[in-house]
file entry.cif (mmCIF, C-alpha atoms and all ligand atoms)
data_query
loop_
_atom_site.label_atom_id
_atom_site.label_comp_id
_atom_site.auth_asym_id
_atom_site.auth_seq_id
_atom_site.Cartn_x
_atom_site.Cartn_y
_atom_site.Cartn_z
CA GLN A 1 66.55 97.42 127.68
CA ARG A 2 68.13 93.98 127.94
CA PHE A 3 68.63 91.20 125.37
CA PRO A 4 70.82 88.11 125.80
CA VAL A 5 72.52 88.88 122.45
CA VAL A 6 72.94 92.14 120.51
CA ILE A 7 73.86 91.64 116.86
CA VAL A 8 75.48 94.62 115.14
CA GLY A 9 74.77 94.54 111.39
CA ALA A 10 72.00 92.94 109.30
CA GLY A 11 74.04 91.29 106.54
CA PRO A 12 74.08 87.56 105.81
CA ALA A 13 76.14 86.88 108.97
CA GLY A 14 74.07 88.90 111.45
CA LEU A 15 70.69 87.81 110.11
CA THR A 16 71.65 84.13 110.03
CA ILE A 17 72.78 84.30 113.67
CA GLY A 18 69.54 86.11 114.56
CA ASN A 19 67.48 83.39 112.90
CA ILE A 20 69.36 80.60 114.68
CA LEU A 21 68.83 82.33 118.03
CA ARG A 22 65.12 82.92 117.42
CA ALA A 23 64.63 79.28 116.36
CA ALA A 24 65.91 78.34 119.82
CA SER A 25 63.67 81.01 121.44
CA VAL A 26 66.70 83.09 122.48
CA ASP A 27 65.93 86.82 122.36
CA CYS A 28 68.24 89.09 120.46
CA LEU A 29 68.32 92.57 118.97
CA VAL A 30 69.76 93.38 115.54
CA LEU A 31 71.04 96.94 115.01
CA GLU A 32 71.50 98.10 111.39
CA ILE A 33 72.58 101.54 110.16
CA GLU A 34 70.81 101.28 106.80
CA SER A 35 67.08 101.00 106.00
CA ARG A 36 65.37 97.67 105.31
CA GLU A 37 64.76 98.70 101.66
CA PHE A 38 68.46 99.48 101.24
CA ILE A 39 69.79 96.17 102.54
CA GLU A 40 67.18 94.25 100.54
CA GLN A 41 68.50 95.80 97.32
CA ARG A 42 72.26 96.14 97.87
CA PRO A 43 73.85 94.13 95.04
CA ARG A 44 76.93 92.11 95.93
CA ALA A 45 77.62 88.40 95.97
CA GLY A 46 75.79 85.60 94.26
CA VAL A 47 77.81 82.39 94.43
CA LEU A 48 76.98 80.04 97.30
CA GLU A 49 78.81 76.84 98.08
CA GLU A 50 76.81 73.66 98.48
CA TRP A 51 77.66 73.11 102.16
CA ALA A 52 76.52 76.68 102.94
CA VAL A 53 73.18 76.10 101.25
CA ARG A 54 72.73 72.83 103.16
CA GLY A 55 73.56 74.71 106.36
CA LEU A 56 70.85 77.27 105.59
CA GLN A 57 68.44 74.49 104.64
CA GLN A 58 69.00 72.64 107.92
CA ARG A 59 68.03 75.86 109.71
CA GLY A 60 64.88 76.40 107.65
CA LEU A 61 66.41 79.34 105.75
CA ALA A 62 66.76 78.06 102.19
CA GLU A 63 63.21 77.56 100.90
CA ASN A 64 63.30 80.35 98.28
CA LEU A 65 66.95 79.76 97.52
CA LEU A 66 66.32 76.12 96.65
CA ALA A 67 63.21 77.01 94.64
CA ARG A 68 64.72 79.90 92.67
CA GLY A 69 68.51 79.62 92.86
CA GLN A 70 70.37 78.29 89.86
CA VAL A 71 72.56 75.22 90.14
CA HIS A 72 75.98 75.66 88.47
CA ASN A 73 77.96 72.57 87.50
CA GLU A 74 80.80 74.00 85.45
CA CYS A 75 82.76 77.09 84.60
CA GLU A 76 84.69 78.19 81.55
CA PHE A 77 88.21 79.54 81.23
CA ARG A 78 89.15 81.55 78.15
CA PHE A 79 92.80 82.10 77.40
CA ALA A 80 95.08 82.26 74.38
CA GLY A 81 91.98 82.74 72.22
CA GLN A 82 90.41 79.37 73.19
CA ARG A 83 87.54 78.21 75.47
CA TYR A 84 88.03 75.47 78.06
CA ARG A 85 85.09 74.02 80.04
CA PHE A 86 85.83 72.90 83.57
CA GLU A 87 83.17 70.40 84.64
CA TYR A 88 83.61 70.44 88.41
CA ALA A 89 80.32 68.74 89.27
CA GLU A 90 81.19 65.79 87.08
CA LEU A 91 84.60 65.55 88.77
CA THR A 92 83.40 65.89 92.36
CA GLY A 93 79.63 65.33 92.51
CA HIS A 94 79.25 68.82 94.01
CA HIS A 95 77.99 72.10 92.56
CA HIS A 96 77.50 75.81 93.25
CA PHE A 97 74.27 77.71 93.72
CA VAL A 98 73.79 81.17 92.29
CA TYR A 99 71.32 83.27 94.26
CA PRO A 100 71.80 87.04 94.47
CA GLN A 101 72.78 88.30 97.92
CA PRO A 102 69.90 90.87 98.08
CA LEU A 103 67.40 88.01 97.65
CA LEU A 104 69.08 86.00 100.41
CA VAL A 105 69.13 89.05 102.71
CA THR A 106 65.44 89.70 101.92
CA ASP A 107 64.58 86.08 102.83
CA LEU A 108 66.64 86.23 106.04
CA VAL A 109 65.12 89.55 107.22
CA ARG A 110 61.60 88.37 106.50
CA GLU A 111 62.13 85.11 108.35
CA TYR A 112 63.85 86.80 111.30
CA ALA A 113 61.58 89.80 111.78
CA ASP A 114 58.22 88.78 110.31
CA VAL A 115 58.11 85.01 110.98
CA ARG A 116 60.36 84.34 114.00
CA GLY A 117 59.48 87.64 115.70
CA GLY A 118 63.07 88.89 116.10
CA ALA A 119 63.70 92.49 117.20
CA ILE A 120 65.49 94.72 114.71
CA ARG A 121 66.15 98.48 114.48
CA PHE A 122 66.98 99.97 111.11
CA GLY A 123 68.68 103.31 110.42
CA VAL A 124 70.39 103.51 113.83
CA ARG A 125 73.31 105.90 114.29
CA ASP A 126 76.55 105.99 116.31
CA VAL A 127 76.61 102.40 117.53
CA GLU A 128 79.11 101.96 120.38
CA LEU A 129 80.19 98.84 122.28
CA HIS A 130 80.92 99.02 126.01
CA ASP A 131 82.44 96.92 128.81
CA LEU A 132 83.20 93.96 126.57
CA GLU A 133 85.61 92.46 129.09
CA SER A 134 83.06 92.53 131.89
CA ASP A 135 80.16 90.12 132.30
CA ARG A 136 77.77 93.05 131.75
CA PRO A 137 78.57 94.34 128.27
CA SER A 138 76.27 96.79 126.50
CA VAL A 139 75.69 98.46 123.17
CA SER A 140 74.43 102.02 122.72
CA TYR A 141 72.93 103.67 119.65
CA THR A 142 70.97 106.72 118.57
CA ASP A 143 67.39 106.16 117.48
CA PRO A 144 66.88 107.73 114.03
CA GLU A 145 63.38 109.06 114.72
CA SER A 146 63.56 110.40 118.26
CA GLY A 147 67.28 111.22 118.18
CA GLN A 148 67.44 109.61 121.64
CA ARG A 149 70.38 107.56 122.83
CA HIS A 150 69.54 104.00 123.94
CA ILE A 151 71.63 101.57 125.94
CA VAL A 152 71.02 97.84 125.53
CA HIS A 153 72.52 95.51 128.14
CA CYS A 154 73.35 92.00 127.04
CA ASP A 155 75.39 88.86 127.70
CA PHE A 156 77.10 88.77 124.31
CA VAL A 157 77.69 91.01 121.31
CA ALA A 158 77.94 89.62 117.77
CA GLY A 159 79.96 92.03 115.62
CA CYS A 160 78.58 91.41 112.13
CA ASP A 161 78.88 94.92 110.72
CA GLY A 162 81.05 94.16 107.72
CA ALA A 163 84.29 95.70 106.53
CA ARG A 164 83.37 99.28 107.48
CA GLY A 165 81.68 98.67 110.81
CA VAL A 166 82.63 99.67 114.34
CA SER A 167 82.91 96.28 116.07
CA ARG A 168 86.42 95.51 114.86
CA ASP A 169 87.61 98.87 116.24
CA ALA A 170 86.37 97.84 119.69
CA LEU A 171 89.25 95.34 119.90
CA PRO A 172 91.95 97.09 121.92
CA PRO A 173 95.33 97.31 120.19
CA GLY A 174 97.52 94.47 121.32
CA ARG A 175 94.61 92.13 122.01
CA ALA A 176 94.04 91.12 118.40
CA HIS A 177 96.27 90.96 115.39
CA VAL A 178 95.09 92.18 111.99
CA SER A 179 97.09 90.86 109.04
CA ARG A 180 96.54 92.45 105.65
CA TYR A 181 97.30 91.55 102.07
CA ASP A 182 97.09 94.00 99.20
CA TYR A 183 96.91 92.47 95.71
CA GLY A 184 97.80 95.80 94.05
CA ILE A 185 94.99 95.20 91.57
CA GLY A 186 91.62 96.83 90.95
CA TRP A 187 88.46 95.32 89.52
CA LEU A 188 85.76 97.37 87.90
CA ALA A 189 82.64 95.63 89.23
CA LEU A 190 79.70 95.96 86.86
CA LEU A 191 76.08 94.90 86.86
CA ALA A 192 74.51 94.91 83.42
CA GLU A 193 70.84 94.83 82.56
CA ALA A 194 71.56 92.09 80.07
CA PRO A 195 70.90 88.36 80.06
CA PRO A 196 73.91 86.12 80.68
CA SER A 197 75.89 85.44 77.50
CA ASN A 198 77.02 81.98 78.53
CA ASP A 199 75.42 79.09 80.44
CA CYS A 200 78.09 79.24 83.16
CA VAL A 201 80.65 81.53 84.81
CA VAL A 202 83.43 82.66 82.44
CA PHE A 203 86.96 83.71 83.46
CA GLY A 204 88.91 85.50 80.74
CA MET A 205 92.70 85.69 81.10
CA HIS A 206 93.88 88.25 78.57
CA PRO A 207 97.01 90.37 78.11
CA ARG A 208 94.79 93.47 78.44
CA GLY A 209 93.60 92.27 81.86
CA PHE A 210 91.30 89.77 83.52
CA ALA A 211 87.57 89.81 82.77
CA GLY A 212 84.78 87.82 84.43
CA HIS A 213 81.18 86.97 83.52
CA MET A 214 78.74 85.70 86.14
CA ALA A 215 75.00 85.20 85.76
CA ARG A 216 72.93 86.80 88.51
CA SER A 217 69.43 86.26 87.06
CA PRO A 218 67.87 85.80 83.60
CA GLU A 219 67.88 89.61 83.23
CA VAL A 220 71.04 90.70 85.05
CA THR A 221 74.70 89.72 84.63
CA ARG A 222 77.71 90.65 86.73
CA TYR A 223 80.92 91.47 84.90
CA TYR A 224 84.38 92.31 86.19
CA LEU A 225 87.23 94.07 84.39
CA GLU A 226 90.74 94.28 85.84
CA CYS A 227 91.79 97.93 86.13
CA PRO A 228 94.39 99.95 88.05
CA PRO A 229 93.63 100.10 91.80
CA GLY A 230 91.89 103.36 92.72
CA ASP A 231 90.77 103.92 89.12
CA ASP A 232 87.79 106.28 88.66
CA PRO A 233 84.67 104.42 87.41
CA GLU A 234 83.96 107.55 85.34
CA ASN A 235 86.98 106.61 83.20
CA TRP A 236 84.90 103.68 82.02
CA SER A 237 82.22 104.81 79.55
CA HIS A 238 79.51 102.41 78.40
CA ASP A 239 81.32 101.95 75.06
CA ARG A 240 84.73 101.39 76.65
CA VAL A 241 83.33 98.80 79.09
CA TRP A 242 81.62 96.77 76.38
CA SER A 243 84.52 96.92 73.95
CA GLU A 244 86.96 95.72 76.66
CA LEU A 245 84.58 92.96 77.75
CA GLN A 246 84.08 91.79 74.15
CA GLU A 247 87.82 91.74 73.59
CA ARG A 248 88.93 90.15 76.88
CA LEU A 249 86.17 87.51 76.89
CA GLY A 250 86.41 86.80 73.16
CA ALA A 251 87.52 83.29 72.11
CA ALA A 252 87.16 80.99 69.13
CA GLY A 253 83.55 79.84 68.86
CA ALA A 254 82.31 82.09 71.70
CA PRO A 255 79.23 84.16 70.81
CA ARG A 256 79.48 87.95 71.24
CA LEU A 257 78.30 89.17 74.65
CA THR A 258 74.76 90.55 74.84
CA GLU A 259 75.21 94.19 75.84
CA GLY A 260 72.90 96.21 78.09
CA ARG A 261 72.60 99.22 80.38
CA LEU A 262 75.17 99.30 83.21
CA ILE A 263 73.30 99.61 86.49
CA GLU A 264 76.33 99.36 88.80
CA LYS A 265 79.88 100.46 88.10
CA ARG A 266 82.44 100.70 90.89
CA VAL A 267 86.09 100.00 91.43
CA LEU A 268 87.05 97.43 94.07
CA ASP A 269 90.65 97.48 95.24
CA MET A 270 91.62 93.88 95.85
CA HIS A 271 92.75 93.51 99.41
CA SER A 272 92.15 91.13 102.29
CA TYR A 273 92.56 91.10 106.06
CA VAL A 274 92.17 88.60 108.88
CA VAL A 275 91.58 89.45 112.54
CA GLU A 276 92.99 86.95 115.03
CA PRO A 277 91.47 85.95 117.34
CA MET A 278 87.92 86.73 116.22
CA ALA A 279 86.77 87.20 119.81
CA PHE A 280 87.50 89.58 122.65
CA GLY A 281 85.75 89.25 126.02
CA ARG A 282 82.02 89.13 125.26
CA LEU A 283 82.44 90.30 121.66
CA PHE A 284 82.51 87.76 118.83
CA LEU A 285 83.19 88.95 115.28
CA ALA A 286 81.64 87.20 112.27
CA GLY A 287 81.82 87.64 108.50
CA ASP A 288 83.52 90.60 106.85
CA ALA A 289 83.92 92.30 110.24
CA ALA A 290 86.50 89.61 111.06
CA HIS A 291 87.99 88.84 107.67
CA LEU A 292 87.76 90.35 104.24
CA THR A 293 88.40 88.15 101.24
CA ALA A 294 88.85 90.00 97.97
CA PRO A 295 86.00 88.78 95.69
CA ILE A 296 88.52 86.95 93.46
CA ALA A 297 87.25 83.50 94.42
CA ALA A 298 83.69 84.50 95.49
CA LYS A 299 84.29 83.32 99.05
CA GLY A 300 83.17 86.20 101.32
CA MET A 301 79.50 85.42 101.76
CA ASN A 302 80.27 81.74 102.23
CA LEU A 303 82.73 82.50 105.01
CA ALA A 304 80.19 84.86 106.62
CA LEU A 305 77.67 82.00 106.68
CA HIS A 306 80.23 79.55 108.05
CA ASP A 307 80.98 81.89 110.96
CA ALA A 308 77.26 82.50 111.50
CA PHE A 309 76.39 78.81 111.75
CA LEU A 310 79.16 78.23 114.31
CA LEU A 311 78.48 81.38 116.34
CA GLY A 312 74.68 81.01 116.29
CA ASP A 313 74.93 77.40 117.49
CA ALA A 314 77.57 78.34 120.11
CA PHE A 315 75.37 81.13 121.55
CA VAL A 316 72.41 78.75 121.72
CA ALA A 317 74.52 76.09 123.48
CA GLN A 318 75.79 78.65 126.02
CA LEU A 319 72.51 80.43 126.64
CA THR A 320 70.20 77.42 126.76
CA ARG A 321 72.45 74.68 128.19
CA GLY A 322 75.35 76.53 129.78
CA ASP A 323 77.72 74.74 127.35
CA ARG A 324 80.69 77.04 126.63
CA THR A 325 82.63 74.72 124.31
CA GLY A 326 81.39 76.30 121.08
CA LEU A 327 82.22 79.86 122.15
CA TYR A 328 85.68 78.85 123.42
CA GLY A 329 86.53 77.11 120.17
CA TYR A 330 84.76 79.59 117.88
CA SER A 331 87.68 81.64 116.60
CA ARG A 332 89.90 78.63 115.93
CA ALA A 333 87.09 76.73 114.22
CA CYS A 334 86.45 79.64 111.84
CA LEU A 335 90.02 80.59 111.06
CA GLY A 336 90.92 77.23 109.48
CA ARG A 337 88.49 77.81 106.63
CA VAL A 338 89.31 81.55 106.51
CA TRP A 339 93.02 80.91 105.87
CA ASP A 340 92.27 78.13 103.42
CA TYR A 341 90.14 80.52 101.36
CA GLN A 342 92.71 83.33 101.65
CA GLU A 343 95.38 81.03 100.24
CA PHE A 344 93.14 79.87 97.39
CA SER A 345 92.27 83.49 96.53
CA GLN A 346 95.98 84.34 96.22
CA TRP A 347 96.60 81.29 94.04
CA LEU A 348 93.63 82.13 91.82
CA SER A 349 94.65 85.78 91.63
CA GLU A 350 97.92 84.76 90.00
CA VAL A 351 95.99 82.61 87.51
CA TYR A 352 93.69 85.55 86.68
CA HIS A 353 96.26 88.32 86.58
CA GLY A 354 99.59 86.74 85.60
CA THR A 355 98.81 86.99 81.87
CA SER A 356 98.32 90.78 82.09
CA SER A 357 101.15 91.45 84.56
CA GLY A 358 103.49 92.64 81.81
CA ASP A 359 106.02 90.07 83.04
CA PRO A 360 106.50 87.35 80.40
CA HIS A 361 107.79 84.91 83.02
CA ARG A 362 104.65 85.27 85.17
CA ALA A 363 102.50 85.04 82.05
CA GLY A 364 104.24 81.77 81.15
CA THR A 365 103.79 80.17 84.57
CA THR A 366 100.14 81.29 84.66
CA LEU A 367 99.44 79.54 81.37
CA ALA A 368 101.22 76.44 82.69
CA ARG A 369 98.87 76.42 85.72
CA LEU A 370 95.87 76.71 83.42
CA ARG A 371 97.02 73.96 81.08
CA ARG A 372 97.67 71.69 84.07
CA LEU A 373 94.05 72.12 85.19
CA PHE A 374 92.87 70.66 81.91
CA GLY A 375 95.68 68.16 81.39
CA SER A 376 95.77 66.43 84.78
CA ARG A 377 92.78 64.90 86.52
CA SER A 378 94.37 65.19 89.96
CA ALA A 379 95.22 68.88 89.38
CA GLY A 380 91.61 69.38 88.25
CA LEU A 381 90.28 67.61 91.36
CA ALA A 382 92.49 69.66 93.69
CA PHE A 383 91.30 72.88 92.07
CA ALA A 384 87.65 71.81 92.16
CA GLU A 385 87.86 71.03 95.88
CA GLN A 386 89.14 74.54 96.64
CA TYR A 387 86.80 76.25 94.18
CA LEU A 388 83.74 74.52 95.67
CA GLY A 389 84.90 74.89 99.26
CA LYS A 390 85.54 72.01 101.62
CA ASN A 391 82.30 70.20 102.23
CA ALA A 392 81.19 70.02 105.80
CA ASP A 393 78.03 69.14 107.59
CA TYR A 394 76.76 72.33 109.16
P1 LIG B 401 77.81 92.69 105.21
O1 LIG B 401 77.02 92.00 104.14
O2 LIG B 401 78.72 93.79 104.81
O3 LIG B 401 76.77 93.20 106.29
C1 LIG B 401 77.16 94.09 107.32
C2 LIG B 401 75.96 94.93 107.70
O4 LIG B 401 76.32 95.78 108.78
C3 LIG B 401 75.49 95.84 106.58
O5 LIG B 401 74.10 95.70 106.40
C4 LIG B 401 75.88 97.23 107.04
O6 LIG B 401 75.00 98.23 106.56
C5 LIG B 401 75.82 97.08 108.54
N1 LIG B 401 76.66 98.02 109.30
C6 LIG B 401 77.83 98.58 108.93
N2 LIG B 401 78.30 99.38 109.91
C7 LIG B 401 77.41 99.32 110.91
C8 LIG B 401 77.34 99.92 112.21
N3 LIG B 401 78.29 100.76 112.63
N4 LIG B 401 76.28 99.63 112.99
C9 LIG B 401 75.30 98.78 112.55
N5 LIG B 401 75.31 98.18 111.35
C10 LIG B 401 76.35 98.45 110.55
N6 LIG B 401 81.04 86.80 98.37
C11 LIG B 401 80.76 85.55 97.89
O7 LIG B 401 80.74 84.60 98.68
N7 LIG B 401 80.49 85.32 96.58
C12 LIG B 401 80.51 86.32 95.65
O8 LIG B 401 80.23 86.08 94.48
C13 LIG B 401 80.84 87.65 96.10
N8 LIG B 401 80.84 88.72 95.26
C14 LIG B 401 81.03 89.99 95.73
C15 LIG B 401 80.96 91.06 94.87
C16 LIG B 401 81.14 92.36 95.33
C17 LIG B 401 81.08 93.48 94.36
C18 LIG B 401 81.37 92.58 96.73
C19 LIG B 401 81.56 93.98 97.26
C20 LIG B 401 81.43 91.53 97.60
C21 LIG B 401 81.26 90.23 97.13
N9 LIG B 401 81.30 89.13 97.98
C22 LIG B 401 81.08 87.85 97.50
C23 LIG B 401 81.51 89.33 99.42
C24 LIG B 401 80.20 89.34 100.20
O9 LIG B 401 79.30 90.27 99.67
C25 LIG B 401 80.50 89.67 101.67
O10 LIG B 401 81.54 88.83 102.11
C26 LIG B 401 79.26 89.48 102.56
O11 LIG B 401 78.33 90.50 102.33
C27 LIG B 401 79.66 89.48 104.04
O12 LIG B 401 78.54 89.41 104.85
P2 LIG B 401 78.52 90.09 106.29
O13 LIG B 401 77.19 89.79 106.85
O14 LIG B 401 79.73 89.71 107.01
O15 LIG B 401 78.70 91.65 106.02
#
call {"tool": "encode", "arguments": {"input": "entry.cif", "output": "structure tokens", "more": "lines below"}}
Ligand code: FAD
result
Amino acid sequence: QRFPVVIVGAGPAGLTIGNILRAASVDCLVLEIESREFIEQRPRAGVLEEWAVRGLQQRGLAENLLARGQVHNECEFRFAGQRYRFEYAELTGHHHFVYPQPLLVTDLVREYADVRGGAIRFGVRDVELHDLESDRPSVSYTDPESGQRHIVHCDFVAGCDGARGVSRDALPPGRAHVSRYDYGIGWLALLAEAPPSNDCVVFGMHPRGFAGHMARSPEVTRYYLECPPGDDPENWSHDRVWSELQERLGAAGAPRLTEGRLIEKRVLDMHSYVVEPMAFGRLFLAGDAAHLTAPIAAKGMNLALHDAFLLGDAFVAQLTRGDRTGLYGYSRACLGRVWDYQEFSQWLSEVYHGTSSGDPHRAGTTLARLRRLFGSRSAGLAFAEQYLGKNADY
């Protein structure tokens, strides 16, 4: 078997690249270890930046998103028992979209496989990458039904297999540098079968720990509770979760949260990494395979899409016009935004977690940062620009 491009992983990054290639009539094969049903239901992100939605729209990939996604214009901070609305759309003219990741993945798979006729194999096992430094790289995998091993020859490999994939491990030691940052904080990530209790995202900075509220749909709300890293989700009973959320998100004039069944409950240890460069020979990494951003600032899926737009377009330029510029500049072009978002996540982490750090000095400086956001228009504008992500025409 031979395909110009093999894409490892059918997440937002891999599927977006596949769609860009198919739109240019470039053949590619997507290899995914999970089933189609699984990836279409895996709950994760939901916040999309405006430039990312425009990028999807320009590639014919945002029809459902624009029809069904919610537009968010503001967020709310709760601290010291008070509520503060931050109206970022009014300040900047830009907004966020909220569209659950499983819906986006469903749209992208359907468009890639059913409309644009892209090849995809689900449930594959033991994916291995070979000869990446030669001009004849290949990818092998085990077919789940026959148990047979297949080898696919290609020109390029897109490593889009997320934080736990195999592509990153194909970079030989010494040829790429992985820098890591551990926040030393855990978040209990929850999905509740309950309607949102506020008309926008809420961030609660409380001495007992950070708490977050994010609408996912009219019936489902995502909540976060700061907890010790490595905590066992079983330590968090239904009653404990709701009483902590009510307390940490409580503020003068705020209605009580609408409670509901918890349909997801897992602990995320907040850590990040960045692989530099994001390319090795014929392998190009994209999305979480290349850089993990702790979900503190809701940046991961946006970065995955940014990489995908650049890499998809660069593959098309190389394979249809022999233009190598995009592939040469790919890693550098991605890493600017990656580091910008890493820095903002660290800044925001201090805002979220300083109050509960147990250190009165940190708690004091955190509150000063928060007050500055609401007391200074230029501080508000600077925050809004980072929170919304730099606008760009992709
Ligand atoms: P993934 O979505 O991880 O896709 C990788 C794919 O590769 C998967 O389908 C996986 O099954 C497959 N795979 C893995 N190993 C192999 C292998 N060996 N061979 C073949 N396939 C393989 N981001 C935001 O922007 N906003 C948010 O609000 C937000 N909230 C989040 C909340 C949570 C709880 C979590 C966990 C993440 C959140 N993120 C958020 C991050 C976001 O979900 C990720 O950054 C995004 O999914 C990255 O996309 P990707 O395509 O790079 O990787």
call {"tool": "residues_near_ligand", "arguments": {"input": "entry.cif", "ligand": "ligand LIG 401 (chain B)", "cutoff": "6 Å", "atoms": "all atoms listed in the file", "output": "number ranges by chain"}}
result
A: 8-14, 31-34, 39, 44-47, 127, 160-162, 164-166, 189, 287-289, 295, 298-302, 304
call {"tool": "write_last_selection", "arguments": {"input": "entry.cif", "atoms": "C-alpha atoms", "output": "short mmCIF file (atom, residue, chain, number, x, y, z; two decimals), in the frame of the given file"}}
result
data_model
loop_
_atom_site.label_atom_id
_atom_site.label_comp_id
_atom_site.auth_asym_id
_atom_site.auth_seq_id
_atom_site.Cartn_x
_atom_site.Cartn_y
_atom_site.Cartn_z
CA VAL A 8 75.48 94.62 115.14
CA GLY A 9 74.77 94.54 111.39
CA ALA A 10 72.00 92.94 109.30
CA GLY A 11 74.04 91.29 106.54
CA PRO A 12 74.08 87.56 105.81
CA ALA A 13 76.14 86.88 108.97
CA GLY A 14 74.07 88.90 111.45
CA LEU A 31 71.04 96.94 115.01
CA GLU A 32 71.50 98.10 111.39
CA ILE A 33 72.58 101.54 110.16
CA GLU A 34 70.81 101.28 106.80
CA ILE A 39 69.79 96.17 102.54
CA ARG A 44 76.93 92.11 95.93
CA ALA A 45 77.62 88.40 95.97
CA GLY A 46 75.79 85.60 94.26
CA VAL A 47 77.81 82.39 94.43
CA VAL A 127 76.61 102.40 117.53
CA CYS A 160 78.58 91.41 112.13
CA ASP A 161 78.88 94.92 110.72
CA GLY A 162 81.05 94.16 107.72
CA ARG A 164 83.37 99.28 107.48
CA GLY A 165 81.68 98.67 110.81
CA VAL A 166 82.63 99.67 114.34
CA ALA A 189 82.64 95.63 89.23
CA GLY A 287 81.82 87.64 108.50
CA ASP A 288 83.52 90.60 106.85
CA ALA A 289 83.92 92.30 110.24
CA PRO A 295 86.00 88.78 95.69
CA ALA A 298 83.69 84.50 95.49
CA LYS A 299 84.29 83.32 99.05
CA GLY A 300 83.17 86.20 101.32
CA MET A 301 79.50 85.42 101.76
CA ASN A 302 80.27 81.74 102.23
CA ALA A 304 80.19 84.86 106.62
#
call {"tool": "atom_distance", "arguments": {"input": "entry.cif", "atom1": "atom CA of A:Ala52", "atom2": "atom CA of A:Ala308"}}
result
10.4 Å
call {"tool": "residues_around", "arguments": {"input": "entry.cif", "residues": "A:Ser356", "least_positions_apart": "4", "cutoff": "8 Å", "atoms": "only C-alpha atoms", "output": "PyMOL selection string"}}
result
chain A and resi 205-210+363
call {"tool": "residues_around", "arguments": {"input": "entry.cif", "residues": "A:Asp107", "least_positions_apart": "5", "cutoff": "10 Å", "atoms": "all atoms listed in the file", "output": "CSV table (one decimal) with C-alpha atoms, in the coordinates of the input"}}
result
chain,number,residue,atom,x,y,z
A,15,LEU,CA,70.7,87.8,110.1
A,40,GLU,CA,67.2,94.2,100.5
A,61,LEU,CA,66.4,79.3,105.8
A,62,ALA,CA,66.8,78.1,102.2
A,63,GLU,CA,63.2,77.6,100.9
A,64,ASN,CA,63.3,80.4,98.3
A,65,LEU,CA,67.0,79.8,97.5
A,101,GLN,CA,72.8,88.3,97.9
A,102,PRO,CA,69.9,90.9,98.1
A,112,TYR,CA,63.8,86.8,111.3
call {"tool": "residues_near_point", "arguments": {"input": "entry.cif", "point": "(82.7, 100.1, 80.1)", "cutoff": "10 Å", "atoms": "all atoms listed in the file", "output": "CSV table (one decimal) with C-alpha atoms, keeping the file's coordinate frame"}}
result
chain,number,residue,atom,x,y,z
A,188,LEU,CA,85.8,97.4,87.9
A,190,LEU,CA,79.7,96.0,86.9
A,225,LEU,CA,87.2,94.1,84.4
A,233,PRO,CA,84.7,104.4,87.4
A,234,GLU,CA,84.0,107.6,85.3
A,235,ASN,CA,87.0,106.6,83.2
A,236,TRP,CA,84.9,103.7,82.0
A,237,SER,CA,82.2,104.8,79.6
A,238,HIS,CA,79.5,102.4,78.4
A,239,ASP,CA,81.3,102.0,75.1
A,240,ARG,CA,84.7,101.4,76.6
A,241,VAL,CA,83.3,98.8,79.1
A,242,TRP,CA,81.6,96.8,76.4
A,243,SER,CA,84.5,96.9,74.0
A,244,GLU,CA,87.0,95.7,76.7
A,245,LEU,CA,84.6,93.0,77.8
A,262,LEU,CA,75.2,99.3,83.2
A,265,LYS,CA,79.9,100.5,88.1
call {"tool": "atom_distance", "arguments": {"input": "entry.cif", "atom1": "atom CA of A:His94", "atom2": "atom CA of A:Ser272"}}
result
27.1 Å
call {"tool": "residues_around", "arguments": {"input": "entry.cif", "residues": "A:Gly204", "least_positions_apart": "3", "cutoff": "7 Å", "atoms": "only C-alpha atoms", "output": "PyMOL selection string"}}
result
chain A and resi 77-79+210-212+248-249
call {"tool": "write_last_selection", "arguments": {"input": "entry.cif", "atoms": "C-alpha atoms", "output": "PDB file, in the frame of the given file"}}
result
ATOM      1  CA  PHE A  77      88.210  79.540  81.230  1.00  0.00           C
ATOM      2  CA  ARG A  78      89.150  81.550  78.150  1.00  0.00           C
ATOM      3  CA  PHE A  79      92.800  82.100  77.400  1.00  0.00           C
ATOM      4  CA  PHE A 210      91.300  89.770  83.520  1.00  0.00           C
ATOM      5  CA  ALA A 211      87.570  89.810  82.770  1.00  0.00           C
ATOM      6  CA  GLY A 212      84.780  87.820  84.430  1.00  0.00           C
ATOM      7  CA  ARG A 248      88.930  90.150  76.880  1.00  0.00           C
ATOM      8  CA  LEU A 249      86.170  87.510  76.890  1.00  0.00           C
TER       9      LEU A 249
END
call {"tool": "closest_residue", "arguments": {"input": "entry.cif", "among": "A:His271, A:Met278, A:His150, A:Glu128", "to": "A:Arg175", "atoms": "all atoms listed in the file"}}
result
A:Met278
call {"tool": "residues_around", "arguments": {"input": "entry.cif", "residues": "A:Gln57", "least_positions_apart": "6", "cutoff": "12 Å", "atoms": "only C-alpha atoms", "output": "ChimeraX atom specification"}}
result
/A:16,20,50-51,63-67,108,309,393-394
call {"tool": "write_last_selection", "arguments": {"input": "entry.cif", "atoms": "C-alpha atoms", "output": "compact mmCIF listing (two decimals), keeping the file's coordinate frame"}}
result
# COMPACT_ATOMS: atom_id res chain seq x y z
CA THR A 16 71.65 84.13 110.03
CA ILE A 20 69.36 80.60 114.68
CA GLU A 50 76.81 73.66 98.48
CA TRP A 51 77.66 73.11 102.16
CA GLU A 63 63.21 77.56 100.90
CA ASN A 64 63.30 80.35 98.28
CA LEU A 65 66.95 79.76 97.52
CA LEU A 66 66.32 76.12 96.65
CA ALA A 67 63.21 77.01 94.64
CA LEU A 108 66.64 86.23 106.04
CA PHE A 309 76.39 78.81 111.75
CA ASP A 393 78.03 69.14 107.59
CA TYR A 394 76.76 72.33 109.16
